[in-house]
file structure-v9.cif (mmCIF, C-alpha atoms)
data_start
#
loop_
_atom_site.label_atom_id
_atom_site.label_comp_id
_atom_site.auth_asym_id
_atom_site.auth_seq_id
_atom_site.Cartn_x
_atom_site.Cartn_y
_atom_site.Cartn_z
CA MET A 6 -29.43 -19.16 -17.85
CA THR A 7 -28.71 -22.29 -15.85
CA GLU A 8 -26.47 -22.17 -12.80
CA ALA A 9 -23.80 -24.18 -14.64
CA THR A 10 -23.82 -21.73 -17.54
CA ALA A 11 -23.72 -18.83 -15.09
CA LEU A 12 -20.64 -20.24 -13.35
CA THR A 13 -18.87 -20.68 -16.67
CA ARG A 14 -19.70 -17.12 -17.70
CA LEU A 15 -18.76 -15.82 -14.25
CA GLN A 16 -15.28 -17.26 -14.63
CA GLU A 17 -14.93 -15.75 -18.10
CA LEU A 18 -15.92 -12.34 -16.74
CA ASP A 19 -13.57 -12.58 -13.76
CA LEU A 20 -10.65 -13.59 -15.94
CA GLU A 21 -11.33 -10.70 -18.31
CA LEU A 22 -11.70 -8.25 -15.40
CA LEU A 23 -8.41 -9.53 -14.00
CA ARG A 24 -6.73 -9.01 -17.35
CA LEU A 25 -8.12 -5.48 -17.67
CA ALA A 26 -7.12 -4.63 -14.08
CA SER A 27 -3.57 -5.81 -14.80
CA LYS A 28 -3.52 -3.74 -17.98
CA LEU A 29 -4.74 -0.71 -16.04
CA ALA A 30 -2.11 -1.23 -13.33
CA ALA A 31 0.62 -1.56 -15.97
CA MET A 32 -0.09 1.78 -17.62
CA PRO A 33 3.04 4.01 -17.50
CA GLN A 34 1.18 6.75 -15.65
CA GLN A 35 0.67 4.39 -12.71
CA SER A 36 4.41 4.01 -12.27
CA ARG A 37 4.85 7.76 -12.64
CA ILE A 38 2.19 8.44 -10.00
CA LYS A 39 3.87 6.00 -7.62
CA THR A 40 7.29 7.63 -8.17
CA ILE A 41 5.86 11.10 -7.57
CA GLY A 42 4.14 9.89 -4.42
CA LEU A 43 7.43 8.57 -3.03
CA ALA A 44 9.13 11.87 -3.85
CA GLN A 45 6.30 13.79 -2.18
CA ARG A 46 6.66 11.81 1.03
CA LYS A 47 10.43 12.39 1.04
CA VAL A 48 10.06 16.13 0.47
CA ALA A 49 7.32 16.37 3.10
CA SER A 50 9.59 14.67 5.63
CA GLU A 51 12.51 16.92 4.76
CA LEU A 52 10.30 20.02 4.89
CA LEU A 53 9.01 19.04 8.31
CA GLY A 54 12.59 18.87 9.58
CA ILE A 55 13.56 22.17 7.95
CA VAL A 56 10.55 24.00 9.38
CA GLY A 57 11.35 22.66 12.84
CA GLN A 58 14.96 23.85 12.57
CA ARG A 59 13.87 27.23 11.22
CA LYS A 60 11.51 27.75 14.16
CA ASP A 61 14.26 26.76 16.58
CA ALA A 62 16.62 29.27 14.92
CA GLU A 63 13.99 32.01 15.17
CA LEU A 64 13.48 31.28 18.86
CA GLU A 65 17.22 31.30 19.47
CA ILE A 66 17.59 34.66 17.73
CA ALA A 67 14.65 36.04 19.69
CA ASP A 68 16.21 34.83 22.95
CA THR A 69 19.57 36.33 22.00
CA ASN A 70 17.97 39.66 21.08
CA GLU A 71 16.10 39.62 24.36
CA ARG A 72 19.32 39.04 26.30
CA LEU A 73 21.05 41.73 24.28
CA ALA A 74 18.28 44.22 25.02
CA HIS A 75 18.55 43.32 28.70
CA TYR A 76 22.33 43.86 28.74
CA ARG A 77 21.99 47.23 27.00
CA GLU A 78 19.23 48.34 29.33
CA LYS A 79 21.26 47.26 32.35
CA THR A 80 24.33 49.04 30.98
CA ALA A 81 22.35 52.28 30.65
CA GLU A 82 21.10 51.89 34.21
CA VAL A 83 24.59 51.31 35.62
CA GLN A 84 26.02 54.23 33.63
CA ALA A 85 23.25 56.51 34.86
CA ALA A 86 23.83 55.38 38.43
CA ALA A 87 27.59 55.91 38.09
CA GLU A 88 27.09 59.44 36.73
CA ALA A 89 24.60 60.44 39.41
CA GLY A 90 26.08 62.05 42.54
CA ASP A 91 29.35 61.42 44.25
CA HIS A 92 30.60 57.88 44.77
CA SER A 93 33.37 56.34 46.73
CA HIS A 94 36.31 54.74 45.02
CA ARG A 95 34.94 51.32 45.86
CA GLU A 96 31.52 52.15 44.40
CA LEU A 97 33.12 53.48 41.21
CA ARG A 98 35.18 50.30 40.94
CA ASP A 99 31.99 48.21 41.31
CA PHE A 100 30.31 50.25 38.58
CA GLU A 101 33.33 49.72 36.34
CA GLN A 102 33.31 45.97 36.98
CA GLN A 103 29.58 45.80 36.23
CA LEU A 104 30.02 47.76 33.01
CA THR A 105 32.95 45.56 31.96
CA SER A 106 30.94 42.39 32.59
CA LEU A 107 27.92 43.79 30.76
CA ALA A 108 30.12 44.82 27.83
CA LYS A 109 31.48 41.28 27.54
CA HIS A 110 27.98 39.78 27.64
CA THR A 111 26.78 42.34 25.07
CA GLU A 112 29.70 41.62 22.77
CA LYS A 113 29.16 37.88 23.08
CA ALA A 114 25.45 38.21 22.28
CA GLU A 115 26.14 40.51 19.30
CA PHE A 116 28.75 38.10 18.00
CA ALA A 117 26.35 35.14 18.33
CA LEU A 118 23.67 36.89 16.29
CA GLY A 119 25.74 36.80 13.10
CA PRO A 120 25.98 33.00 12.74
CA LEU A 121 22.42 32.60 14.00
CA ARG A 122 21.07 34.92 11.30
CA GLU A 123 23.14 33.19 8.64
CA ARG A 124 21.78 29.84 9.77
CA LEU A 125 18.24 31.21 9.67
CA GLU A 126 18.77 32.53 6.14
CA ARG A 127 20.04 29.12 5.01
CA LEU A 128 17.04 27.39 6.55
CA GLU A 129 14.63 29.90 4.99
CA ARG A 130 16.22 29.28 1.57
CA ALA A 131 15.99 25.53 2.10
CA GLU A 132 12.34 25.88 3.10
CA ARG A 133 11.53 27.96 0.03
CA ASN A 134 13.27 25.43 -2.21
CA ALA A 135 11.44 22.53 -0.55
CA ARG A 136 8.09 24.28 -0.96
CA ARG A 137 8.84 24.96 -4.63
CA THR A 138 9.72 21.30 -5.08
CA GLU A 139 6.55 20.30 -3.24
CA LYS A 140 4.44 22.53 -5.50
CA GLY A 141 6.16 21.15 -8.60
CA LEU A 142 5.46 17.58 -7.51
CA ASP A 143 1.81 18.45 -6.87
CA GLU A 144 1.57 19.80 -10.42
CA GLN A 145 3.30 16.71 -11.85
CA LEU A 146 0.94 14.44 -9.93
CA ALA A 147 -2.12 16.30 -11.20
CA ALA A 148 -0.81 16.04 -14.78
CA ALA A 149 -0.07 12.32 -14.44
CA ARG A 150 -3.52 11.64 -13.00
CA ALA A 151 -5.17 13.64 -15.78
CA SER A 152 -3.17 11.70 -18.37
CA LEU A 153 -4.16 8.41 -16.76
CA GLU A 154 -7.80 9.50 -16.68
CA ARG A 155 -7.74 10.27 -20.42
CA ASP A 156 -5.81 7.21 -21.56
CA SER A 157 -7.69 4.73 -19.37
CA ALA A 158 -11.22 6.01 -20.04
CA GLU A 159 -12.10 3.24 -22.51
CA LEU A 160 -10.51 0.59 -20.30
CA ARG A 161 -12.36 1.73 -17.20
CA ALA A 162 -15.64 1.91 -19.12
CA ARG A 163 -15.17 -1.72 -20.17
CA ILE A 164 -14.46 -2.70 -16.55
CA VAL A 165 -17.68 -1.02 -15.44
CA GLU A 166 -19.62 -2.77 -18.20
CA LEU A 167 -18.26 -6.21 -17.30
CA SER A 168 -18.78 -5.58 -13.58
CA ARG A 169 -22.44 -4.85 -14.20
CA GLU A 170 -22.80 -8.01 -16.26
CA ARG A 171 -21.07 -9.94 -13.47
CA ASP A 172 -23.65 -8.68 -10.96
CA GLY A 173 -26.39 -10.06 -13.21
CA VAL A 174 -24.67 -13.40 -13.65
CA VAL A 175 -24.08 -13.82 -9.91
CA ALA A 176 -27.84 -13.65 -9.38
CA HIS A 177 -28.10 -17.04 -11.14
CA VAL A 178 -25.63 -18.76 -8.78
CA SER A 179 -26.62 -20.18 -5.40
CA GLU A 180 -24.90 -18.89 -2.27
CA ASP A 181 -23.24 -22.25 -1.61
CA HIS A 182 -21.85 -22.55 -5.12
CA LEU A 183 -20.77 -18.90 -5.09
CA ARG A 184 -18.80 -19.44 -1.88
CA THR A 185 -17.19 -22.54 -3.39
CA TYR A 186 -16.40 -20.61 -6.57
CA GLU A 187 -14.81 -17.65 -4.73
CA ALA A 188 -12.65 -19.96 -2.62
CA ALA A 189 -11.52 -21.93 -5.68
CA ARG A 190 -10.90 -18.73 -7.64
CA LYS A 191 -8.45 -17.54 -4.99
CA ARG A 192 -6.83 -20.95 -4.72
CA PHE A 193 -6.41 -21.52 -8.46
CA LYS A 194 -5.66 -17.93 -9.50
CA GLY A 195 -8.92 -17.41 -11.38
CA LEU A 196 -9.36 -20.87 -12.92
CA ALA A 197 -11.98 -22.14 -10.52
CA VAL A 198 -14.32 -23.82 -13.03
CA GLU A 199 -13.63 -26.44 -15.68
CA ARG A 200 -15.88 -28.35 -18.06
CA LEU A 201 -16.05 -32.00 -18.80
CA ASN A 202 -15.14 -32.58 -22.45
CA GLY A 203 -15.91 -36.20 -23.05
CA ASN A 204 -14.20 -37.83 -20.09
CA VAL A 205 -11.44 -35.16 -19.76
CA PRO A 206 -11.74 -32.04 -17.54
CA SER A 207 -10.87 -28.93 -19.56
CA VAL A 208 -8.27 -27.47 -17.16
CA CYS A 209 -6.40 -30.27 -15.39
CA ARG A 210 -6.68 -32.56 -18.47
CA VAL A 211 -6.51 -35.75 -16.40
CA LYS A 212 -8.58 -38.47 -18.09
CA LEU A 213 -11.31 -39.79 -15.81
CA GLN A 214 -11.50 -43.45 -14.98
CA PRO A 215 -14.69 -45.09 -16.32
CA SER A 216 -16.23 -45.47 -12.87
CA LEU A 217 -15.57 -41.82 -11.98
CA PHE A 218 -16.86 -40.68 -15.36
CA HIS A 219 -20.04 -42.72 -14.89
CA ASP A 220 -20.68 -41.25 -11.45
CA LEU A 221 -20.09 -37.67 -12.63
CA ALA A 222 -22.15 -38.11 -15.79
CA HIS A 223 -25.12 -39.32 -13.78
CA GLY A 224 -24.73 -36.91 -10.89
CA ASP A 225 -25.25 -33.17 -10.43
CA GLU A 226 -24.26 -30.94 -13.31
CA ILE A 227 -22.01 -28.98 -10.89
CA ALA A 228 -19.52 -31.30 -9.23
CA GLU A 229 -15.92 -31.32 -8.07
CA CYS A 230 -13.05 -32.65 -10.12
CA PRO A 231 -11.67 -35.69 -8.28
CA TYR A 232 -8.15 -34.80 -9.42
CA CYS A 233 -7.63 -31.02 -9.20
CA HIS A 234 -10.70 -30.25 -7.03
CA ARG A 235 -11.95 -27.42 -9.20
CA MET A 236 -15.66 -26.98 -9.81
CA LEU A 237 -16.54 -29.30 -12.66
CA ILE A 238 -19.44 -28.63 -15.04
CA THR A 239 -20.72 -31.88 -16.51
CA SER A 240 -23.78 -30.69 -18.47
CA GLU A 241 -23.64 -30.25 -22.24
CA GLU A 242 -25.38 -26.86 -22.04
CA ALA A 243 -22.38 -25.33 -20.32
CA GLU A 244 -20.11 -26.61 -23.07
CA GLN A 245 -21.96 -24.79 -25.83
#
call {"tool": "encode", "arguments": {"input": "structure-v9.cif", "output": "structure tokens"}}
result
Amino acid sequence: MTEATALTRLQELDLELLRLASKLAAMPQQSRIKTIGLAQRKVASELLGIVGQRKDAELEIADTNERLAHYREKTAEVQAAAEAGDHSHRELRDFEQQLTSLAKHTEKAEFALGPLRERLERLERAERNARRTEKGLDEQLAAARASLERDSAELRARIVELSRERDGVVAHVSEDHLRTYEAARKRFKGLAVERLNGNVPSVCRVKLQPSLFHDLAHGDEIAECPYCHRMLITSEEAEQ
């Protein structure tokens, strides 16, 4: 295989690989997988927020219970002190004031626990629902990937086959020409190489002037089109 023939075949392989890659990307499962992925990220973000709120609610309940236990313990201490021995009127009044203040704090803490527990229950339900949704999305993603794996098996096998052939073809192209080819392939969206059919390049289709045609015909078999600047194969072997 000559280098000119290798370049022509290389372009054919790259165009076919590009077509197959586009076909693979366009499979309906790909869109489904992308949609599921977006939903997963949204649920994960929401779940992170819910878990944070749930932990805050648990801490707030724990703090309230701790304060409540403290008020009840202090109330028992004051009551025991008030019942022990004889006390002056002033001391009894102080005990009464302490007990009244403790009763208010206890009542306030007990009242606060109700809404806090309701909030915690709501957050726990939301967390369970989010985790169920998360699990369902994981299952949907696994099913979509399995479906894609089955339906794209033949396509992927063809891509592997052509990629291996491409590796073999590249071995026949010099480093300089390969660099030129890769740059032109990116610039011209895959159509990096054209052939000279008579005095007309096969891609840009601009008829060569006699002087240009003479120079190209008697020069290297791998040249550059003077009009579109693609790689131009001038040898007859590459045209066959």
call {"tool": "residues_around", "arguments": {"input": "structure-v9.cif", "residues": "Arg124 (chain A)", "least_positions_apart": "6", "cutoff": "10 Å", "atoms": "all atoms listed in the file", "output": "NGL selection string"}}
result
:A and (58-59 or 62-63 or 118 or 130)
call {"tool": "atom_distance", "arguments": {"input": "structure-v9.cif", "atom1": "CA of Ser240 (chain A)", "atom2": "CA of Leu217 (chain A)"}}
result
15.3 Å
call {"tool": "resolve_selection", "arguments": {"input": "structure-v9.cif", "expression": "the PyMOL selection byres ((chain A and resi 19-31) around 9)", "output": "number ranges by chain"}}
result
A: 14-18, 32-36, 157, 160-161, 163-164, 167-168, 171, 195-196
call {"tool": "closest_residue", "arguments": {"input": "structure-v9.cif", "among": "A:Thr7, A:Ser152, A:Asn202, A:Ser50", "to": "Arg37 (chain A)", "atoms": "only C-alpha atoms"}}
result
A:Ser152
call {"tool": "resolve_selection", "arguments": {"input": "structure-v9.cif", "expression": "the PyMOL selection byres ((chain A and resi 179) around 12)", "output": "ChimeraX atom specification"}}
result
/A:7-9,11-12,174-178,180-186,227
call {"tool": "resolve_selection", "arguments": {"input": "structure-v9.cif", "expression": "the PyMOL selection byres ((chain A and resi 80) around 10)", "output": "compact mmCIF listing (two decimals) with C-alpha atoms, in the frame of the given file"}}
result
# COMPACT_ATOMS: atom_id res chain seq x y z
CA ALA A 74 18.28 44.22 25.02
CA HIS A 75 18.55 43.32 28.70
CA TYR A 76 22.33 43.86 28.74
CA ARG A 77 21.99 47.23 27.00
CA GLU A 78 19.23 48.34 29.33
CA LYS A 79 21.26 47.26 32.35
CA ALA A 81 22.35 52.28 30.65
CA GLU A 82 21.10 51.89 34.21
CA VAL A 83 24.59 51.31 35.62
CA GLN A 84 26.02 54.23 33.63
CA ALA A 85 23.25 56.51 34.86
CA ALA A 86 23.83 55.38 38.43
CA PHE A 100 30.31 50.25 38.58
CA GLN A 103 29.58 45.80 36.23
CA LEU A 104 30.02 47.76 33.01
CA THR A 105 32.95 45.56 31.96
CA SER A 106 30.94 42.39 32.59
CA LEU A 107 27.92 43.79 30.76
CA ALA A 108 30.12 44.82 27.83
CA THR A 111 26.78 42.34 25.07
call {"tool": "atom_distance", "arguments": {"input": "structure-v9.cif", "atom1": "CA of Gly224 (chain A)", "atom2": "CA of Thr13 (chain A)"}}
result
18.2 Å
call {"tool": "residues_around", "arguments": {"input": "structure-v9.cif", "residues": "Ala135 (chain A)", "least_positions_apart": "3", "cutoff": "7 Å", "atoms": "all atoms listed in the file", "output": "number ranges by chain"}}
result
A: 48, 52, 131-132, 138-139
call {"tool": "atom_distance", "arguments": {"input": "structure-v9.cif", "atom1": "CA of Ala197 (chain A)", "atom2": "CA of His234 (chain A)"}}
result
8.9 Å
call {"tool": "residues_around", "arguments": {"input": "structure-v9.cif", "residues": "Lys60 (chain A)", "least_positions_apart": "5", "cutoff": "12 Å", "atoms": "only C-alpha atoms", "output": "PyMOL selection string"}}
result
chain A and resi 53-55+65-67+121+124-126+128-129+132
call {"tool": "closest_residue", "arguments": {"input": "structure-v9.cif", "among": "A:Met236, A:Arg150, A:Arg200, A:Pro215", "to": "Glu187 (chain A)", "atoms": "only C-alpha atoms"}}
result
A:Met236
call {"tool": "residues_near_point", "arguments": {"input": "structure-v9.cif", "point": "(-5.9, -27.8, -19.8)", "cutoff": "12 Å", "atoms": "only C-alpha atoms", "output": "ChimeraX atom specification"}}
result
/A:196,198-202,205-212,233
call {"tool": "closest_residue", "arguments": {"input": "structure-v9.cif", "among": "A:Gly90, A:Ile38, A:Gly141, A:Ala228", "to": "Leu153 (chain A)", "atoms": "all atoms listed in the file"}}
result
A:Ile38
call {"tool": "build_atoms", "arguments": {"input": "structure-v9.cif", "residues": "region 132-166 of chain A", "atoms": "N, CA and C atoms", "output": "PDB file, in the coordinates of the input"}}
result
ATOM      1  N   GLU A 132      13.793  26.026   3.006  1.00  0.00           N
ATOM      2  CA  GLU A 132      12.340  25.880   3.100  1.00  0.00           C
ATOM      3  C   GLU A 132      11.656  26.340   1.823  1.00  0.00           C
ATOM      4  N   ARG A 133      12.117  27.470   1.289  1.00  0.00           N
ATOM      5  CA  ARG A 133      11.530  27.960   0.030  1.00  0.00           C
ATOM      6  C   ARG A 133      11.755  26.955  -1.097  1.00  0.00           C
ATOM      7  N   ASN A 134      12.963  26.418  -1.167  1.00  0.00           N
ATOM      8  CA  ASN A 134      13.270  25.430  -2.210  1.00  0.00           C
ATOM      9  C   ASN A 134      12.410  24.181  -2.055  1.00  0.00           C
ATOM     10  N   ALA A 135      12.253  23.732  -0.806  1.00  0.00           N
ATOM     11  CA  ALA A 135      11.440  22.530  -0.550  1.00  0.00           C
ATOM     12  C   ALA A 135       9.989  22.775  -0.921  1.00  0.00           C
ATOM     13  N   ARG A 136       9.490  23.964  -0.626  1.00  0.00           N
ATOM     14  CA  ARG A 136       8.090  24.280  -0.960  1.00  0.00           C
ATOM     15  C   ARG A 136       7.908  24.388  -2.469  1.00  0.00           C
ATOM     16  N   ARG A 137       8.915  24.916  -3.164  1.00  0.00           N
ATOM     17  CA  ARG A 137       8.840  24.960  -4.630  1.00  0.00           C
ATOM     18  C   ARG A 137       8.830  23.546  -5.196  1.00  0.00           C
ATOM     19  N   THR A 138       9.689  22.699  -4.631  1.00  0.00           N
ATOM     20  CA  THR A 138       9.720  21.300  -5.080  1.00  0.00           C
ATOM     21  C   THR A 138       8.391  20.618  -4.806  1.00  0.00           C
ATOM     22  N   GLU A 139       7.837  20.887  -3.623  1.00  0.00           N
ATOM     23  CA  GLU A 139       6.550  20.300  -3.240  1.00  0.00           C
ATOM     24  C   GLU A 139       5.453  20.740  -4.213  1.00  0.00           C
ATOM     25  N   LYS A 140       5.441  22.011  -4.550  1.00  0.00           N
ATOM     26  CA  LYS A 140       4.440  22.530  -5.500  1.00  0.00           C
ATOM     27  C   LYS A 140       4.625  21.898  -6.875  1.00  0.00           C
ATOM     28  N   GLY A 141       5.896  21.775  -7.303  1.00  0.00           N
ATOM     29  CA  GLY A 141       6.160  21.150  -8.600  1.00  0.00           C
ATOM     30  C   GLY A 141       5.695  19.710  -8.655  1.00  0.00           C
ATOM     31  N   LEU A 142       5.906  18.978  -7.566  1.00  0.00           N
ATOM     32  CA  LEU A 142       5.460  17.580  -7.510  1.00  0.00           C
ATOM     33  C   LEU A 142       3.936  17.487  -7.526  1.00  0.00           C
ATOM     34  N   ASP A 143       3.280  18.428  -6.847  1.00  0.00           N
ATOM     35  CA  ASP A 143       1.810  18.450  -6.870  1.00  0.00           C
ATOM     36  C   ASP A 143       1.305  18.644  -8.296  1.00  0.00           C
ATOM     37  N   GLU A 144       1.968  19.537  -9.034  1.00  0.00           N
ATOM     38  CA  GLU A 144       1.570  19.800 -10.420  1.00  0.00           C
ATOM     39  C   GLU A 144       1.830  18.577 -11.302  1.00  0.00           C
ATOM     40  N   GLN A 145       2.981  17.923 -11.074  1.00  0.00           N
ATOM     41  CA  GLN A 145       3.300  16.710 -11.850  1.00  0.00           C
ATOM     42  C   GLN A 145       2.295  15.602 -11.569  1.00  0.00           C
ATOM     43  N   LEU A 146       1.904  15.482 -10.295  1.00  0.00           N
ATOM     44  CA  LEU A 146       0.940  14.440  -9.930  1.00  0.00           C
ATOM     45  C   LEU A 146      -0.408  14.699 -10.584  1.00  0.00           C
ATOM     46  N   ALA A 147      -0.832  15.946 -10.574  1.00  0.00           N
ATOM     47  CA  ALA A 147      -2.120  16.300 -11.200  1.00  0.00           C
ATOM     48  C   ALA A 147      -2.074  15.998 -12.696  1.00  0.00           C
ATOM     49  N   ALA A 148      -0.945  16.302 -13.334  1.00  0.00           N
ATOM     50  CA  ALA A 148      -0.810  16.040 -14.780  1.00  0.00           C
ATOM     51  C   ALA A 148      -0.807  14.544 -15.062  1.00  0.00           C
ATOM     52  N   ALA A 149      -0.118  13.770 -14.234  1.00  0.00           N
ATOM     53  CA  ALA A 149      -0.070  12.320 -14.440  1.00  0.00           C
ATOM     54  C   ALA A 149      -1.443  11.696 -14.246  1.00  0.00           C
ATOM     55  N   ARG A 150      -2.174  12.167 -13.241  1.00  0.00           N
ATOM     56  CA  ARG A 150      -3.520  11.640 -13.000  1.00  0.00           C
ATOM     57  C   ARG A 150      -4.465  12.002 -14.144  1.00  0.00           C
ATOM     58  N   ALA A 151      -4.327  13.220 -14.658  1.00  0.00           N
ATOM     59  CA  ALA A 151      -5.170  13.640 -15.780  1.00  0.00           C
ATOM     60  C   ALA A 151      -4.865  12.805 -17.024  1.00  0.00           C
ATOM     61  N   SER A 152      -3.580  12.527 -17.236  1.00  0.00           N
ATOM     62  CA  SER A 152      -3.170  11.700 -18.370  1.00  0.00           C
ATOM     63  C   SER A 152      -3.716  10.287 -18.235  1.00  0.00           C
ATOM     64  N   LEU A 153      -3.635   9.749 -17.013  1.00  0.00           N
ATOM     65  CA  LEU A 153      -4.160   8.410 -16.760  1.00  0.00           C
ATOM     66  C   LEU A 153      -5.674   8.380 -16.975  1.00  0.00           C
ATOM     67  N   GLU A 154      -6.344   9.424 -16.529  1.00  0.00           N
ATOM     68  CA  GLU A 154      -7.800   9.500 -16.680  1.00  0.00           C
ATOM     69  C   GLU A 154      -8.182   9.473 -18.161  1.00  0.00           C
ATOM     70  N   ARG A 155      -7.438  10.219 -18.979  1.00  0.00           N
ATOM     71  CA  ARG A 155      -7.740  10.270 -20.420  1.00  0.00           C
ATOM     72  C   ARG A 155      -7.448   8.927 -21.091  1.00  0.00           C
ATOM     73  N   ASP A 156      -6.243   8.404 -20.835  1.00  0.00           N
ATOM     74  CA  ASP A 156      -5.810   7.210 -21.560  1.00  0.00           C
ATOM     75  C   ASP A 156      -6.510   5.931 -21.103  1.00  0.00           C
ATOM     76  N   SER A 157      -7.060   5.947 -19.891  1.00  0.00           N
ATOM     77  CA  SER A 157      -7.690   4.730 -19.370  1.00  0.00           C
ATOM     78  C   SER A 157      -9.218   4.787 -19.421  1.00  0.00           C
ATOM     79  N   ALA A 158      -9.760   5.826 -20.036  1.00  0.00           N
ATOM     80  CA  ALA A 158     -11.220   6.010 -20.040  1.00  0.00           C
ATOM     81  C   ALA A 158     -11.931   4.807 -20.662  1.00  0.00           C
ATOM     82  N   GLU A 159     -11.458   4.368 -21.823  1.00  0.00           N
ATOM     83  CA  GLU A 159     -12.100   3.240 -22.510  1.00  0.00           C
ATOM     84  C   GLU A 159     -11.955   1.955 -21.695  1.00  0.00           C
ATOM     85  N   LEU A 160     -10.775   1.775 -21.104  1.00  0.00           N
ATOM     86  CA  LEU A 160     -10.510   0.590 -20.300  1.00  0.00           C
ATOM     87  C   LEU A 160     -11.411   0.547 -19.072  1.00  0.00           C
ATOM     88  N   ARG A 161     -11.529   1.679 -18.396  1.00  0.00           N
ATOM     89  CA  ARG A 161     -12.360   1.730 -17.200  1.00  0.00           C
ATOM     90  C   ARG A 161     -13.846   1.557 -17.531  1.00  0.00           C
ATOM     91  N   ALA A 162     -14.249   2.079 -18.693  1.00  0.00           N
ATOM     92  CA  ALA A 162     -15.640   1.910 -19.120  1.00  0.00           C
ATOM     93  C   ALA A 162     -15.949   0.428 -19.359  1.00  0.00           C
ATOM     94  N   ARG A 163     -14.983  -0.278 -19.924  1.00  0.00           N
ATOM     95  CA  ARG A 163     -15.170  -1.720 -20.170  1.00  0.00           C
ATOM     96  C   ARG A 163     -15.241  -2.472 -18.833  1.00  0.00           C
ATOM     97  N   ILE A 164     -14.432  -2.072 -17.876  1.00  0.00           N
ATOM     98  CA  ILE A 164     -14.460  -2.700 -16.550  1.00  0.00           C
ATOM     99  C   ILE A 164     -15.824  -2.508 -15.899  1.00  0.00           C
ATOM    100  N   VAL A 165     -16.358  -1.304 -16.002  1.00  0.00           N
ATOM    101  CA  VAL A 165     -17.680  -1.020 -15.440  1.00  0.00           C
ATOM    102  C   VAL A 165     -18.741  -1.876 -16.116  1.00  0.00           C
ATOM    103  N   GLU A 166     -18.649  -1.981 -17.435  1.00  0.00           N
ATOM    104  CA  GLU A 166     -19.620  -2.770 -18.200  1.00  0.00           C
ATOM    105  C   GLU A 166     -19.582  -4.239 -17.779  1.00  0.00           C
TER     106      GLU A 166
END
